[in-house]
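Engineer: Take a look at this one; I'll ask things after.
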Amino acid sequence: MLAKFRSVRQIILVLSLLSFVGTIGVSLFGYASRVQSLQESPQVEATSPEAELKAQEKGYETVLAREPNNTLALEGLAQTRLMLDDPEGAIAPLETLVQLHPEDEAYKVVLTSVREKVALQPLEP
């Protein structure tokens, strides 16, 4: 009876070791294939800051087409156009913000500043 118990114990021990080794092997294989697929995947091209700003501008314009008085979209559009060095394009959303929020002096100050910048720009030939 003792010999039978030892042989069953040895079989269980061998099966446990095989399960353990198999689990580690499968994990390592999965990890290795994941690393290989990451190395083979094409790199995403970095977009230029100007392209990102243009995309933001389009996004704000899309929001404003649905909600013309959306303050956040108007602010974002004006700021994006200023970052794109388009002060003339920033005037319209700033004027709308001044009309929507006449009590907010910050919009008036920025609008005045942008208008002065546009007036000081030399005319292109």
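Ordered as shown in the structure tokens, chains take letters A, B, and onward, while each chain numbers its residues from 1 and ligands are numbered from 1 in the order shown.
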Counting only C-alpha atoms, what is within 12 Å of Glu52 of chain A, bar same-chain residues fewer than 5 positions away, as a PyMOL selection string?

Structural biologist: chain A and resi 46-47+57-59+80-81+83-84

Engineer: Which of chain A counts as alpha helix (DSSP H) under DSSP, as a ChimeraX atom specification please?

Structural biologist: /A:2-40,49-66,71-83,87-100,105-120

Engineer: Rounded to one decimal in Å, what is the spacing between atom CA of Gln79 of chain A and atom CA of Pro93 of chain A?

Structural biologist: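 So the answer is 9.5 Å.
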
Engineer: Between A:Asp85, A:Gln36, A:Tyr31, A:Ile12, which is the closest to Glu50 of chain A once you count only C-alpha atoms?

Structural biologist: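 Ranked by minimum distance to Glu50 of chain A, first place goes to A:Asp85.
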
Engineer: Taking 5 positions as the minimum chain separation for residues in the same chain, which residues sit within 10 Å of Lys117 of chain A when counting only C-alpha atoms? Answer as a list of chain:residue names.

Structural biologist: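 In the requested form, the answer reads A:Pro87, A:Glu88, A:Leu111, A:Thr112.
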
Engineer: Could you write out that same residue set with C-alpha atoms as a PDB file, in the first residue's frame?

Structural biologist:
ATOM      1  CA  PRO A  87      -5.248  86.982 -36.206  1.00  0.00           C
ATOM      2  CA  GLU A  88      -7.816  88.016 -38.827  1.00  0.00           C
ATOM      3  CA  LEU A 111     -10.253  91.545 -29.253  1.00  0.00           C
ATOM      4  CA  THR A 112      -8.766  95.043 -29.129  1.00  0.00           C
TER       5      THR A 112
END

Engineer: Identify, on the basis of only C-alpha atoms, every residue whose closest approach to segment 60-68 of chain A does not exceed 7 Å; exclude the query and any residue fewer than 5 positions from it along the same chain; express the result as a list in words.

Structural biologist: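 Result of the neighbour search: Ala73, Gly76 and Leu77 of chain A.
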
Engineer: Which value, in Å to one decimal, gives the distance between atom CA of Ala106 of chain A and atom CA of Leu120 of chain A?

Structural biologist: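 Computed distance, atom CA of Ala106 of chain A to atom CA of Leu120 of chain A, equals 21.2 Å.
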